[in-house]
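Undergrad: Structure supplied as model_30.pdb; contents: PDB, C-alpha atoms.
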```
ATOM      1  CA  MET A   1      26.655  54.081  29.766
ATOM      2  CA  THR A   2      28.435  54.254  33.133
ATOM      3  CA  PRO A   3      26.424  55.207  36.252
ATOM      4  CA  SER A   4      28.296  58.506  36.603
ATOM      5  CA  SER A   5      27.723  59.571  33.001
ATOM      6  CA  LYS A   6      24.085  58.523  33.277
ATOM      7  CA  ALA A   7      23.702  60.643  36.420
ATOM      8  CA  ASP A   8      25.408  63.586  34.716
ATOM      9  CA  LYS A   9      23.110  63.280  31.731
ATOM     10  CA  LYS A  10      20.037  63.183  33.976
ATOM     11  CA  ALA A  11      21.252  66.219  35.937
ATOM     12  CA  ALA A  12      21.824  68.173  32.720
ATOM     13  CA  ILE A  13      18.340  67.302  31.439
ATOM     14  CA  ASP A  14      16.791  68.194  34.800
ATOM     15  CA  ILE A  15      18.427  71.639  34.709
ATOM     16  CA  ALA A  16      17.347  72.155  31.092
ATOM     17  CA  ALA A  17      13.750  71.203  31.977
ATOM     18  CA  TRP A  18      13.683  73.682  34.878
ATOM     19  CA  MET A  19      15.148  76.470  32.746
ATOM     20  CA  PHE A  20      12.603  75.726  30.021
ATOM     21  CA  ASN A  21       9.782  75.984  32.571
ATOM     22  CA  ILE A  22      11.124  79.149  34.207
ATOM     23  CA  VAL A  23      11.659  80.986  30.903
ATOM     24  CA  THR A  24       8.240  80.072  29.468
ATOM     25  CA  SER A  25       6.373  80.691  32.746
ATOM     26  CA  VAL A  26       7.923  84.106  33.335
ATOM     27  CA  GLY A  27       7.466  84.965  29.660
ATOM     28  CA  ILE A  28       3.771  84.133  29.637
ATOM     29  CA  ILE A  29       3.191  86.108  32.854
ATOM     30  CA  ILE A  30       4.734  89.221  31.282
ATOM     31  CA  VAL A  31       2.835  88.809  27.994
ATOM     32  CA  ASN A  32      -0.494  88.087  29.718
ATOM     33  CA  LYS A  33      -0.014  91.079  32.005
ATOM     34  CA  ALA A  34       0.375  93.309  28.958
ATOM     35  CA  LEU A  35      -2.551  91.638  27.165
ATOM     36  CA  MET A  36      -4.913  92.062  30.110
ATOM     37  CA  GLN A  37      -3.815  95.356  31.661
ATOM     38  CA  THR A  38      -2.673  97.291  28.589
ATOM     39  CA  TYR A  39      -5.111  95.992  25.975
ATOM     40  CA  GLY A  40      -8.027  95.016  28.233
ATOM     41  CA  PHE A  41      -8.356  91.349  27.236
ATOM     42  CA  THR A  42      -9.456  90.197  30.711
ATOM     43  CA  PHE A  43     -10.992  86.875  29.652
ATOM     44  CA  ALA A  44      -8.608  84.563  31.515
ATOM     45  CA  THR A  45     -10.582  81.319  31.200
ATOM     46  CA  THR A  46     -11.170  81.743  27.472
ATOM     47  CA  LEU A  47      -7.501  82.653  27.047
ATOM     48  CA  THR A  48      -6.498  79.398  28.755
ATOM     49  CA  GLY A  49      -8.776  77.522  26.364
ATOM     50  CA  LEU A  50      -6.948  79.145  23.442
ATOM     51  CA  HIS A  51      -3.647  78.119  25.039
ATOM     52  CA  PHE A  52      -4.761  74.494  24.946
ATOM     53  CA  VAL A  53      -5.901  74.875  21.324
ATOM     54  CA  THR A  54      -2.351  75.777  20.261
ATOM     55  CA  THR A  55      -0.970  73.020  22.509
ATOM     56  CA  THR A  56      -3.325  70.542  20.818
ATOM     57  CA  LEU A  57      -2.124  71.695  17.392
ATOM     58  CA  MET A  58       1.458  71.110  18.564
ATOM     59  CA  THR A  59       0.684  67.534  19.629
ATOM     60  CA  ILE A  60      -1.091  66.858  16.308
ATOM     61  CA  VAL A  61       1.951  68.052  14.338
ATOM     62  CA  LEU A  62       4.346  66.017  16.505
ATOM     63  CA  ARG A  63       2.170  62.922  16.144
ATOM     64  CA  TRP A  64       2.133  63.410  12.353
ATOM     65  CA  LEU A  65       5.935  63.730  12.381
ATOM     66  CA  GLY A  66       6.237  60.553  14.427
ATOM     67  CA  TYR A  67       7.523  62.094  17.653
ATOM     68  CA  ILE A  68       4.439  60.991  19.595
ATOM     69  CA  GLN A  69       3.745  57.266  19.563
ATOM     70  CA  PRO A  70       0.275  55.741  20.087
ATOM     71  CA  SER A  71      -0.563  55.339  23.769
ATOM     72  CA  HIS A  72      -3.513  54.457  25.973
ATOM     73  CA  LEU A  73      -5.123  56.476  28.766
ATOM     74  CA  PRO A  74      -8.435  55.151  30.170
ATOM     75  CA  ILE A  75     -11.325  57.566  29.736
ATOM     76  CA  SER A  76     -12.037  57.515  33.488
ATOM     77  CA  ASP A  77      -8.525  58.746  34.317
ATOM     78  CA  LEU A  78      -8.649  61.272  31.471
ATOM     79  CA  MET A  79     -11.934  62.768  32.672
ATOM     80  CA  LYS A  80     -10.724  62.941  36.294
ATOM     81  CA  PHE A  81      -7.603  64.782  35.182
ATOM     82  CA  VAL A  82      -9.545  67.254  33.010
ATOM     83  CA  LEU A  83     -12.036  67.840  35.845
ATOM     84  CA  PHE A  84      -9.260  68.660  38.323
ATOM     85  CA  ALA A  85      -7.391  70.801  35.776
ATOM     86  CA  ASN A  86     -10.434  72.857  34.780
ATOM     87  CA  PHE A  87     -11.536  73.367  38.388
ATOM     88  CA  SER A  88      -7.967  74.523  39.077
ATOM     89  CA  ILE A  89      -8.095  77.150  36.320
ATOM     90  CA  VAL A  90     -11.561  78.478  37.187
ATOM     91  CA  GLY A  91     -10.912  78.201  40.932
ATOM     92  CA  MET A  92      -7.737  80.267  40.735
ATOM     93  CA  ASN A  93      -9.455  82.989  38.704
ATOM     94  CA  VAL A  94     -12.414  83.133  41.102
ATOM     95  CA  SER A  95     -10.135  83.047  44.156
ATOM     96  CA  LEU A  96      -8.139  85.997  42.822
ATOM     97  CA  MET A  97     -11.354  87.967  42.234
ATOM     98  CA  TRP A  98     -13.038  87.208  45.568
ATOM     99  CA  ASN A  99     -10.000  87.359  47.884
ATOM    100  CA  SER A 100      -7.450  89.959  48.835
ATOM    101  CA  VAL A 101      -4.063  89.581  47.149
ATOM    102  CA  GLY A 102      -2.552  88.565  50.486
ATOM    103  CA  PHE A 103      -4.992  85.716  51.106
ATOM    104  CA  TYR A 104      -4.677  84.621  47.470
ATOM    105  CA  GLN A 105      -0.899  84.304  47.959
ATOM    106  CA  ILE A 106      -1.399  82.349  51.196
ATOM    107  CA  ALA A 107      -3.743  79.980  49.357
ATOM    108  CA  LYS A 108      -1.097  79.432  46.659
ATOM    109  CA  LEU A 109       1.514  78.690  49.323
ATOM    110  CA  SER A 110      -0.774  76.100  50.918
ATOM    111  CA  MET A 111      -0.525  73.983  47.749
ATOM    112  CA  ILE A 112       2.835  72.660  48.960
ATOM    113  CA  PRO A 113       1.556  71.070  52.205
ATOM    114  CA  VAL A 114      -1.514  69.785  50.343
ATOM    115  CA  SER A 115       0.734  68.213  47.685
ATOM    116  CA  CYS A 116       2.848  66.688  50.469
ATOM    117  CA  LEU A 117      -0.306  65.219  52.014
ATOM    118  CA  LEU A 118      -1.314  63.657  48.676
ATOM    119  CA  GLU A 119       2.113  62.072  48.236
ATOM    120  CA  VAL A 120       2.085  60.725  51.800
ATOM    121  CA  ALA A 121      -1.456  59.350  51.422
ATOM    122  CA  PHE A 122      -1.254  57.863  47.911
ATOM    123  CA  ASP A 123       2.442  57.214  47.255
ATOM    124  CA  LYS A 124       3.524  56.439  50.843
ATOM    125  CA  ILE A 125       6.256  59.092  50.643
ATOM    126  CA  ARG A 126       8.223  59.800  53.805
ATOM    127  CA  TYR A 127       9.985  63.147  54.293
ATOM    128  CA  SER A 128      13.025  63.643  56.514
ATOM    129  CA  ARG A 129      13.090  66.374  59.148
ATOM    130  CA  ASP A 130      15.469  68.506  57.051
ATOM    131  CA  THR A 131      13.225  68.229  54.005
ATOM    132  CA  LYS A 132      10.186  69.318  56.030
ATOM    133  CA  LEU A 133      12.084  72.236  57.569
ATOM    134  CA  SER A 134      13.410  73.376  54.180
ATOM    135  CA  ILE A 135       9.840  73.454  52.817
ATOM    136  CA  LEU A 136       8.788  75.610  55.790
ATOM    137  CA  ILE A 137      11.680  77.987  55.108
ATOM    138  CA  VAL A 138      10.598  78.358  51.463
ATOM    139  CA  LEU A 139       7.009  79.042  52.536
ATOM    140  CA  LEU A 140       8.186  81.601  55.086
ATOM    141  CA  GLY A 141      10.417  83.413  52.585
ATOM    142  CA  VAL A 142       7.791  83.631  49.842
ATOM    143  CA  ALA A 143       5.162  84.715  52.385
ATOM    144  CA  VAL A 144       7.399  87.512  53.681
ATOM    145  CA  CYS A 145       7.979  88.983  50.210
ATOM    146  CA  THR A 146       4.502  88.488  48.688
ATOM    147  CA  VAL A 147       1.822  88.515  51.407
ATOM    148  CA  THR A 148       0.599  92.000  52.317
ATOM    149  CA  ASP A 149      -3.022  92.690  53.179
ATOM    150  CA  VAL A 150      -4.954  89.618  54.321
ATOM    151  CA  SER A 151      -8.736  89.589  54.536
ATOM    152  CA  VAL A 152     -10.979  86.531  54.380
ATOM    153  CA  ASN A 153     -14.625  86.069  53.424
ATOM    154  CA  THR A 154     -16.717  82.905  53.195
ATOM    155  CA  LYS A 155     -17.139  82.645  49.421
ATOM    156  CA  GLY A 156     -13.495  83.625  48.850
ATOM    157  CA  PHE A 157     -12.342  80.971  51.314
ATOM    158  CA  ILE A 158     -14.436  78.294  49.553
ATOM    159  CA  ALA A 159     -13.034  79.352  46.164
ATOM    160  CA  ALA A 160      -9.497  79.166  47.550
ATOM    161  CA  VAL A 161     -10.064  75.670  48.980
ATOM    162  CA  VAL A 162     -11.418  74.435  45.621
ATOM    163  CA  ALA A 163      -8.513  76.077  43.754
ATOM    164  CA  VAL A 164      -5.826  74.671  46.053
ATOM    165  CA  TRP A 165      -7.086  71.093  46.163
ATOM    166  CA  SER A 166      -7.918  70.881  42.449
ATOM    167  CA  THR A 167      -4.496  72.304  41.506
ATOM    168  CA  ALA A 168      -2.692  69.913  43.853
ATOM    169  CA  LEU A 169      -4.682  66.956  42.483
ATOM    170  CA  GLN A 170      -4.058  68.019  38.874
ATOM    171  CA  GLN A 171      -0.305  68.250  39.448
ATOM    172  CA  TYR A 172      -0.279  64.962  41.357
ATOM    173  CA  TYR A 173      -2.098  63.276  38.462
ATOM    174  CA  VAL A 174       0.428  64.608  35.931
ATOM    175  CA  HIS A 175       3.129  62.637  37.744
ATOM    176  CA  HIS A 176       0.912  59.669  38.598
ATOM    177  CA  LEU A 177      -0.470  59.077  35.088
ATOM    178  CA  GLN A 178       2.938  59.338  33.426
ATOM    179  CA  ARG A 179       4.320  56.708  35.792
ATOM    180  CA  LYS A 180       1.278  54.418  35.829
ATOM    181  CA  TYR A 181       0.749  54.226  32.068
ATOM    182  CA  GLN A 182       4.349  54.919  30.981
ATOM    183  CA  LEU A 183       3.344  58.072  29.105
ATOM    184  CA  THR A 184       5.766  60.728  27.955
ATOM    185  CA  SER A 185       4.910  64.385  28.493
ATOM    186  CA  PHE A 186       3.956  64.598  24.807
ATOM    187  CA  ASN A 187       1.680  61.564  25.127
ATOM    188  CA  LEU A 188      -0.138  62.919  28.163
ATOM    189  CA  LEU A 189      -0.597  66.349  26.579
ATOM    190  CA  GLY A 190      -1.873  64.649  23.437
ATOM    191  CA  HIS A 191      -4.614  62.989  25.497
ATOM    192  CA  THR A 192      -5.566  65.904  27.759
ATOM    193  CA  ALA A 193      -5.059  69.102  25.734
ATOM    194  CA  PRO A 194      -7.892  68.556  23.198
ATOM    195  CA  ILE A 195     -10.463  67.858  25.942
ATOM    196  CA  GLN A 196      -9.320  70.865  27.966
ATOM    197  CA  ALA A 197      -9.361  73.108  24.894
ATOM    198  CA  GLY A 198     -12.903  72.108  23.975
ATOM    199  CA  SER A 199     -14.327  72.315  27.484
ATOM    200  CA  LEU A 200     -12.666  75.649  28.331
ATOM    201  CA  LEU A 201     -13.674  77.284  25.043
ATOM    202  CA  LEU A 202     -17.238  76.073  25.635
ATOM    203  CA  LEU A 203     -17.478  77.232  29.256
ATOM    204  CA  GLY A 204     -14.861  79.987  29.259
ATOM    205  CA  PRO A 205     -16.946  82.830  27.778
ATOM    206  CA  PHE A 206     -19.706  82.213  30.339
ATOM    207  CA  VAL A 207     -17.242  82.021  33.255
ATOM    208  CA  ASP A 208     -15.455  85.169  32.079
ATOM    209  CA  TYR A 209     -18.751  87.048  31.708
ATOM    210  CA  TRP A 210     -19.655  85.993  35.271
ATOM    211  CA  LEU A 211     -16.283  87.236  36.552
ATOM    212  CA  THR A 212     -15.913  90.442  34.511
ATOM    213  CA  SER A 213     -19.430  91.325  33.262
ATOM    214  CA  LYS A 214     -17.871  91.606  29.792
ATOM    215  CA  ARG A 215     -18.474  89.497  26.684
ATOM    216  CA  VAL A 216     -15.473  88.090  24.875
ATOM    217  CA  ASP A 217     -17.267  88.235  21.522
ATOM    218  CA  ALA A 218     -17.689  92.003  21.966
ATOM    219  CA  PHE A 219     -13.973  92.618  22.465
ATOM    220  CA  LYS A 220     -12.485  94.873  19.787
ATOM    221  CA  PHE A 221      -9.169  93.469  18.621
ATOM    222  CA  ASP A 222      -6.448  95.536  17.029
ATOM    223  CA  THR A 223      -3.066  94.574  15.587
ATOM    224  CA  ALA A 224      -1.210  94.958  18.889
ATOM    225  CA  SER A 225      -3.697  92.939  20.960
ATOM    226  CA  LEU A 226      -3.756  90.185  18.325
ATOM    227  CA  LEU A 227       0.043  90.083  18.382
ATOM    228  CA  PHE A 228       0.125  89.689  22.165
ATOM    229  CA  LEU A 229      -2.644  87.062  21.993
ATOM    230  CA  PHE A 230      -0.585  85.121  19.447
ATOM    231  CA  LEU A 231       2.535  85.440  21.622
ATOM    232  CA  SER A 232       0.606  84.245  24.679
ATOM    233  CA  CYS A 233      -0.760  81.185  22.880
ATOM    234  CA  THR A 234       2.667  80.364  21.425
ATOM    235  CA  ILE A 235       4.505  80.623  24.742
ATOM    236  CA  ALA A 236       1.729  78.595  26.409
ATOM    237  CA  ILE A 237       2.810  75.558  24.367
ATOM    238  CA  GLY A 238       6.167  75.628  26.123
ATOM    239  CA  THR A 239       4.600  76.388  29.512
ATOM    240  CA  ASN A 240       2.206  73.432  29.330
ATOM    241  CA  LEU A 241       4.842  71.060  28.003
ATOM    242  CA  SER A 242       7.530  72.117  30.480
ATOM    243  CA  GLN A 243       5.124  71.692  33.413
ATOM    244  CA  PHE A 244       4.377  68.110  32.351
ATOM    245  CA  ILE A 245       8.078  67.390  31.813
ATOM    246  CA  CYS A 246       9.132  68.795  35.205
ATOM    247  CA  ILE A 247       6.392  67.114  37.236
ATOM    248  CA  GLY A 248       6.967  63.868  35.337
ATOM    249  CA  ARG A 249      10.689  63.920  36.057
ATOM    250  CA  PHE A 250      10.315  65.032  39.667
ATOM    251  CA  THR A 251       7.104  65.282  41.732
ATOM    252  CA  ALA A 252       4.371  67.849  42.289
ATOM    253  CA  VAL A 253       5.944  68.876  45.618
ATOM    254  CA  THR A 254       9.377  69.514  44.095
ATOM    255  CA  PHE A 255       7.710  71.385  41.230
ATOM    256  CA  GLN A 256       5.881  73.605  43.740
ATOM    257  CA  VAL A 257       8.919  74.228  45.982
ATOM    258  CA  LEU A 258      11.419  75.058  43.255
ATOM    259  CA  GLY A 259       8.663  76.705  41.238
ATOM    260  CA  HIS A 260       8.632  79.567  43.721
ATOM    261  CA  MET A 261      11.920  80.607  42.125
ATOM    262  CA  LYS A 262       9.642  81.920  39.362
ATOM    263  CA  THR A 263       7.826  84.064  41.935
ATOM    264  CA  ILE A 264      11.131  85.558  43.074
ATOM    265  CA  LEU A 265      12.235  86.110  39.469
ATOM    266  CA  VAL A 266       8.959  87.787  38.495
ATOM    267  CA  LEU A 267       9.228  90.128  41.508
ATOM    268  CA  THR A 268      12.831  90.955  40.626
ATOM    269  CA  LEU A 269      12.044  91.637  36.961
ATOM    270  CA  GLY A 270       9.086  93.753  38.020
ATOM    271  CA  PHE A 271      11.355  95.929  40.139
ATOM    272  CA  VAL A 272      13.938  96.152  37.326
ATOM    273  CA  PHE A 273      11.556  97.025  34.491
ATOM    274  CA  PHE A 274       8.627  98.713  36.246
ATOM    275  CA  GLY A 275      10.347 100.692  39.007
ATOM    276  CA  ARG A 276      11.282 100.039  42.604
ATOM    277  CA  GLU A 277       7.911 100.854  44.128
ATOM    278  CA  GLY A 278       7.198  98.203  46.762
ATOM    279  CA  LEU A 279      10.847  97.167  47.023
ATOM    280  CA  ASN A 280      11.934  97.323  50.659
ATOM    281  CA  LEU A 281      14.016  95.480  53.200
ATOM    282  CA  HIS A 282      11.458  92.858  54.133
ATOM    283  CA  VAL A 283      10.834  91.970  50.458
ATOM    284  CA  VAL A 284      14.563  91.497  49.866
ATOM    285  CA  LEU A 285      14.842  89.512  53.111
ATOM    286  CA  GLY A 286      11.947  87.282  52.033
ATOM    287  CA  MET A 287      13.603  86.591  48.685
ATOM    288  CA  ILE A 288      16.883  85.620  50.373
ATOM    289  CA  ILE A 289      15.093  83.329  52.857
ATOM    290  CA  ALA A 290      13.119  81.630  50.053
ATOM    291  CA  ILE A 291      16.219  81.049  47.903
ATOM    292  CA  LEU A 292      18.134  79.594  50.864
ATOM    293  CA  GLY A 293      15.162  77.330  51.564
ATOM    294  CA  MET A 294      15.110  76.096  47.968
ATOM    295  CA  ILE A 295      18.828  75.312  48.090
ATOM    296  CA  TRP A 296      18.337  73.473  51.385
ATOM    297  CA  TYR A 297      15.359  71.549  49.954
ATOM    298  CA  GLY A 298      17.352  70.457  46.908
ATOM    299  CA  ASN A 299      20.160  69.224  49.121
ATOM    300  CA  ALA A 300      17.970  67.613  51.815
ATOM    301  CA  SER A 301      15.564  65.835  49.450
ATOM    302  CA  SER A 302      18.411  64.366  47.374
ATOM    303  CA  LYS A 303      20.085  62.737  50.373
ATOM    304  CA  PRO A 304      19.281  59.108  51.284
ATOM    305  CA  GLY A 305      16.102  59.166  53.361
ATOM    306  CA  GLY A 306      15.385  62.782  52.465
ATOM    307  CA  LYS A 307      12.338  61.818  50.482
ATOM    308  CA  GLU A 308      11.555  58.173  49.858
ATOM    309  CA  ARG A 309       8.739  55.709  49.374
ATOM    310  CA  ARG A 310       7.918  53.425  52.266
ATOM    311  CA  SER A 311       6.404  50.961  49.801
ATOM    312  CA  TYR A 312       5.404  51.133  46.178
ATOM    313  CA  SER A 313       3.517  48.555  44.144
ATOM    314  CA  LEU A 314       4.144  48.666  40.432
ATOM    315  CA  PRO A 315       0.948  48.879  38.381
ATOM    316  CA  LYS A 316      -0.085  45.965  36.241
ATOM    317  CA  THR A 317      -0.644  48.184  33.224
ATOM    318  CA  GLY A 318       2.545  48.579  31.195
ATOM    319  CA  GLN A 319       5.029  47.140  33.730
ATOM    320  CA  PRO A 320       7.907  49.657  33.769
ATOM    321  CA  LYS A 321      11.528  48.780  34.117
ATOM    322  CA  LYS A 322      13.196  49.621  37.397
ATOM    323  CA  ASP A 323      15.052  52.599  35.946
ATOM    324  CA  SER A 324      11.808  54.163  34.744
ATOM    325  CA  LEU A 325      10.902  55.010  38.338
ATOM    326  CA  LEU A 326      13.831  57.415  38.355
ATOM    327  CA  GLU A 327      13.683  58.778  34.824
ATOM    328  CA  THR A 328      11.057  59.453  32.227
ATOM    329  CA  SER A 329      11.301  58.094  28.713
ATOM    330  CA  ASP A 330      13.890  58.996  26.108
ATOM    331  CA  ALA A 331      11.330  61.186  24.360
ATOM    332  CA  ASP A 332      11.310  63.533  27.339
ATOM    333  CA  GLU A 333      15.096  63.448  27.641
ATOM    334  CA  LYS A 334      15.477  64.761  24.129
ATOM    335  CA  VAL A 335      13.442  67.899  24.870
TER     336      VAL A 335
END
```
Rewrite the coordinates I just gave you, this time as structure tokens.
TA:
Amino acid sequence: MTPSSKADKKAAIDIAAWMFNIVTSVGIIIVNKALMQTYGFTFATTLTGLHFVTTTLMTIVLRWLGYIQPSHLPISDLMKFVLFANFSIVGMNVSLMWNSVGFYQIAKLSMIPVSCLLEVAFDKIRYSRDTKLSILIVLLGVAVCTVTDVSVNTKGFIAAVVAVWSTALQQYYVHHLQRKYQLTSFNLLGHTAPIQAGSLLLLGPFVDYWLTSKRVDAFKFDTASLLFLFLSCTIAIGTNLSQFICIGRFTAVTFQVLGHMKTILVLTLGFVFFGREGLNLHVVLGMIIAILGMIWYGNASSKPGGKERRSYSLPKTGQPKKDSLLETSDADEKV
């Protein structure tokens, strides 16, 4: 395969991965909003546990069909990943409950600089001036169109700090573990999803009772709520898989920066389907600024020196070929 055709193929797969993530992420937000607000199923942590149950079933079926090959992930790395991931889920739910919407959005935006810090510290990544400025433009645009009231309290601030750092570490580890142990997205999900499903289903009802003062076992299901619960769990398979694919192919920082396109899309769809309340000039201006920042980031980070490693030592475990630092395995490319 010639270098140009190889680059074209990679670009096409990259676009497909992003579209897969955007469609599933926006879809699950809409379905979960209906499930929680319309039908009253407000048990977010337990719901996430159910999401990982269906994801686990998917990996079992794919392993049985031969699409997932045997792989190794040390128990220490597995437990660290699950710890960060579960703290991320609980931390985000608690942060949303204890903070104003404005401060919650600011906390979410701070994940990008935290992710940058992790890449600089652990992967020796160096960002060009244009790349740094483009990230600031994205943050400014999203802040303008999403941040409204901002109030801070001690316990809310602590919850936000835990949520931000655990989420950044979880997303960093998705990329790091795939590279270090040469795991495909399917492989990594096959290792992590069962542990997350079990731990979240065990702890989720207690966390949700603490947050909502309601018991999940007392919830009265009907046909409509069961349908939306099934839809949520089904879409979650694609959401979890597409997140692992995107972060594996790119980095946590790129995933966060371009991922704010989902925020803009959700806002736009909300205005289209649920009325124009809240739509004003500064919201539209924020969207335009954020989109321009994303375009600038994509251009700046792809240029030589835009985002590069100062030094990188290949791990001893499963020595990858040189090309594998730029692309994930063929299994991911076929998704």
Undergrad: Residue by residue, what does the PyMOL selection byres ((chain A and resi 243) around 9) grab here? Present the result as a PDB file with C-alpha atoms, keeping the file's coordinate frame.
TA:
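Wrote result37.pdb, looks like this:
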```pdb
ATOM      1  CA  ALA A  17      13.750  71.203  31.977  1.00  0.00           C
ATOM      2  CA  TRP A  18      13.683  73.682  34.878  1.00  0.00           C
ATOM      3  CA  ASN A  21       9.782  75.984  32.571  1.00  0.00           C
ATOM      4  CA  GLN A 171      -0.305  68.250  39.448  1.00  0.00           C
ATOM      5  CA  VAL A 174       0.428  64.608  35.931  1.00  0.00           C
ATOM      6  CA  SER A 185       4.910  64.385  28.493  1.00  0.00           C
ATOM      7  CA  GLY A 238       6.167  75.628  26.123  1.00  0.00           C
ATOM      8  CA  THR A 239       4.600  76.388  29.512  1.00  0.00           C
ATOM      9  CA  ASN A 240       2.206  73.432  29.330  1.00  0.00           C
ATOM     10  CA  LEU A 241       4.842  71.060  28.003  1.00  0.00           C
ATOM     11  CA  SER A 242       7.530  72.117  30.480  1.00  0.00           C
ATOM     12  CA  PHE A 244       4.377  68.110  32.351  1.00  0.00           C
ATOM     13  CA  ILE A 245       8.078  67.390  31.813  1.00  0.00           C
ATOM     14  CA  CYS A 246       9.132  68.795  35.205  1.00  0.00           C
ATOM     15  CA  ILE A 247       6.392  67.114  37.236  1.00  0.00           C
ATOM     16  CA  GLY A 248       6.967  63.868  35.337  1.00  0.00           C
ATOM     17  CA  PHE A 255       7.710  71.385  41.230  1.00  0.00           C
TER      18      PHE A 255
END
```
Undergrad: In Å, how far is it from CA of Ser199 (chain A) to CA of Val161 (chain A)?
TA: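 For CA of Ser199 (chain A) relative to CA of Val161 (chain A), the distance reads 22.2 Å.
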Undergrad: Do you know which residues are at most 10 Å from Phe81 (chain A) counting all atoms listed in the file, after dropping those on the same chain fewer than 5 positions away, and could you put them as a ChimeraX atom specification?
TA: /A:75-76,86-87,166,169-174,177,192,196
Undergrad: Just the residues within 8 Å of region 36-49 of chain A, please, counting only C-alpha atoms, with nothing from its chain fewer than 2 positions along; format it as a PDB file with C-alpha atoms, in the coordinates of the input.
TA:
```
ATOM      1  CA  ASN A  32      -0.494  88.087  29.718  1.00  0.00           C
ATOM      2  CA  LYS A  33      -0.014  91.079  32.005  1.00  0.00           C
ATOM      3  CA  ALA A  34       0.375  93.309  28.958  1.00  0.00           C
ATOM      4  CA  HIS A  51      -3.647  78.119  25.039  1.00  0.00           C
ATOM      5  CA  PHE A  52      -4.761  74.494  24.946  1.00  0.00           C
ATOM      6  CA  VAL A  53      -5.901  74.875  21.324  1.00  0.00           C
ATOM      7  CA  ILE A  89      -8.095  77.150  36.320  1.00  0.00           C
ATOM      8  CA  VAL A  90     -11.561  78.478  37.187  1.00  0.00           C
ATOM      9  CA  ASN A  93      -9.455  82.989  38.704  1.00  0.00           C
ATOM     10  CA  GLN A 196      -9.320  70.865  27.966  1.00  0.00           C
ATOM     11  CA  ALA A 197      -9.361  73.108  24.894  1.00  0.00           C
ATOM     12  CA  GLY A 198     -12.903  72.108  23.975  1.00  0.00           C
ATOM     13  CA  SER A 199     -14.327  72.315  27.484  1.00  0.00           C
ATOM     14  CA  LEU A 200     -12.666  75.649  28.331  1.00  0.00           C
ATOM     15  CA  LEU A 201     -13.674  77.284  25.043  1.00  0.00           C
ATOM     16  CA  LEU A 203     -17.478  77.232  29.256  1.00  0.00           C
ATOM     17  CA  GLY A 204     -14.861  79.987  29.259  1.00  0.00           C
ATOM     18  CA  PRO A 205     -16.946  82.830  27.778  1.00  0.00           C
ATOM     19  CA  VAL A 207     -17.242  82.021  33.255  1.00  0.00           C
ATOM     20  CA  ASP A 208     -15.455  85.169  32.079  1.00  0.00           C
ATOM     21  CA  THR A 212     -15.913  90.442  34.511  1.00  0.00           C
ATOM     22  CA  VAL A 216     -15.473  88.090  24.875  1.00  0.00           C
ATOM     23  CA  PHE A 219     -13.973  92.618  22.465  1.00  0.00           C
ATOM     24  CA  SER A 225      -3.697  92.939  20.960  1.00  0.00           C
TER      25      SER A 225
END
```
Undergrad: Translate the PyMOL selection byres ((chain A and resi 15) around 12), as applied to the file shown, into an explicit residue set as a PyMOL selection string.
TA: chain A and resi 8-14+16-22+242+245-246+249-250+258+333+335
Undergrad: Identify, on the basis of all atoms listed in the file, every residue whose closest approach to region 293-308 of chain A does not exceed 8 Å; exclude the query and any residue fewer than 2 positions from it along the same chain; express the result as a PyMOL selection string.
TA: chain A and resi 125-131+134-138+141+257-258+289-291+310
Undergrad: With all atoms listed in the file counted, which protein, DNA or RNA residues have an atom no more than 10 Å from (4.9, 59.7, 48.2) in the file frame? Please answer as a short mmCIF file (atom, residue, chain, number, x, y, z; two decimals) with C-alpha atoms, in the coordinates of the input.
TA:
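Wrote result00.cif, looks like this:
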```
data_model
loop_
_atom_site.label_atom_id
_atom_site.label_comp_id
_atom_site.auth_asym_id
_atom_site.auth_seq_id
_atom_site.Cartn_x
_atom_site.Cartn_y
_atom_site.Cartn_z
CA SER A 115 0.73 68.21 47.68
CA CYS A 116 2.85 66.69 50.47
CA LEU A 117 -0.31 65.22 52.01
CA LEU A 118 -1.31 63.66 48.68
CA GLU A 119 2.11 62.07 48.24
CA VAL A 120 2.08 60.72 51.80
CA ALA A 121 -1.46 59.35 51.42
CA PHE A 122 -1.25 57.86 47.91
CA ASP A 123 2.44 57.21 47.26
CA LYS A 124 3.52 56.44 50.84
CA ILE A 125 6.26 59.09 50.64
CA ARG A 126 8.22 59.80 53.80
CA TYR A 127 9.98 63.15 54.29
CA THR A 251 7.10 65.28 41.73
CA VAL A 253 5.94 68.88 45.62
CA LYS A 307 12.34 61.82 50.48
CA GLU A 308 11.56 58.17 49.86
CA ARG A 309 8.74 55.71 49.37
CA ARG A 310 7.92 53.42 52.27
CA SER A 311 6.40 50.96 49.80
CA TYR A 312 5.40 51.13 46.18
#
```
Undergrad: Check the smallest atom-to-atom distance from each of A:Leu133, A:Leu188, A:Val284, A:Val144 to Leu73 (chain A) using all atoms listed in the file, then report the winner.
TA: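 Smallest distance to Leu73 (chain A) is found for A:Leu188.
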Undergrad: Just to confirm, what's the straight-line distance from CA of Gln256 (chain A) to CA of Lys155 (chain A) in Å (one decimal)?
TA: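 The value is 25.4 Å.
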Undergrad: So which one's closest to His282 (chain A), A:Val114, A:Val142, A:Pro194, A:Thr254? Using only C-alpha atoms, please.
TA: A:Val142
Undergrad: Suppose you want the space between CA of Ser5 (chain A) and CA of Gln69 (chain A); what is it in Å?
TA: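 Taking CA of Ser5 (chain A) as the start and CA of Gln69 (chain A) as the end point, the length is 27.6 Å.
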Undergrad: As a PDB file with C-alpha atoms, keeping the file's coordinate frame, please: the residues near Gly66 (chain A) (cut-off 12 Å, only C-alpha atoms, same-chain neighbours under 6 positions excluded).
TA:
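Result file around_26.pdb:
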```pdb
ATOM      1  CA  THR A  59       0.684  67.534  19.629  1.00  0.00           C
ATOM      2  CA  ILE A  60      -1.091  66.858  16.308  1.00  0.00           C
ATOM      3  CA  PHE A 186       3.956  64.598  24.807  1.00  0.00           C
ATOM      4  CA  ASN A 187       1.680  61.564  25.127  1.00  0.00           C
ATOM      5  CA  ALA A 331      11.330  61.186  24.360  1.00  0.00           C
TER       6      ALA A 331
END
```
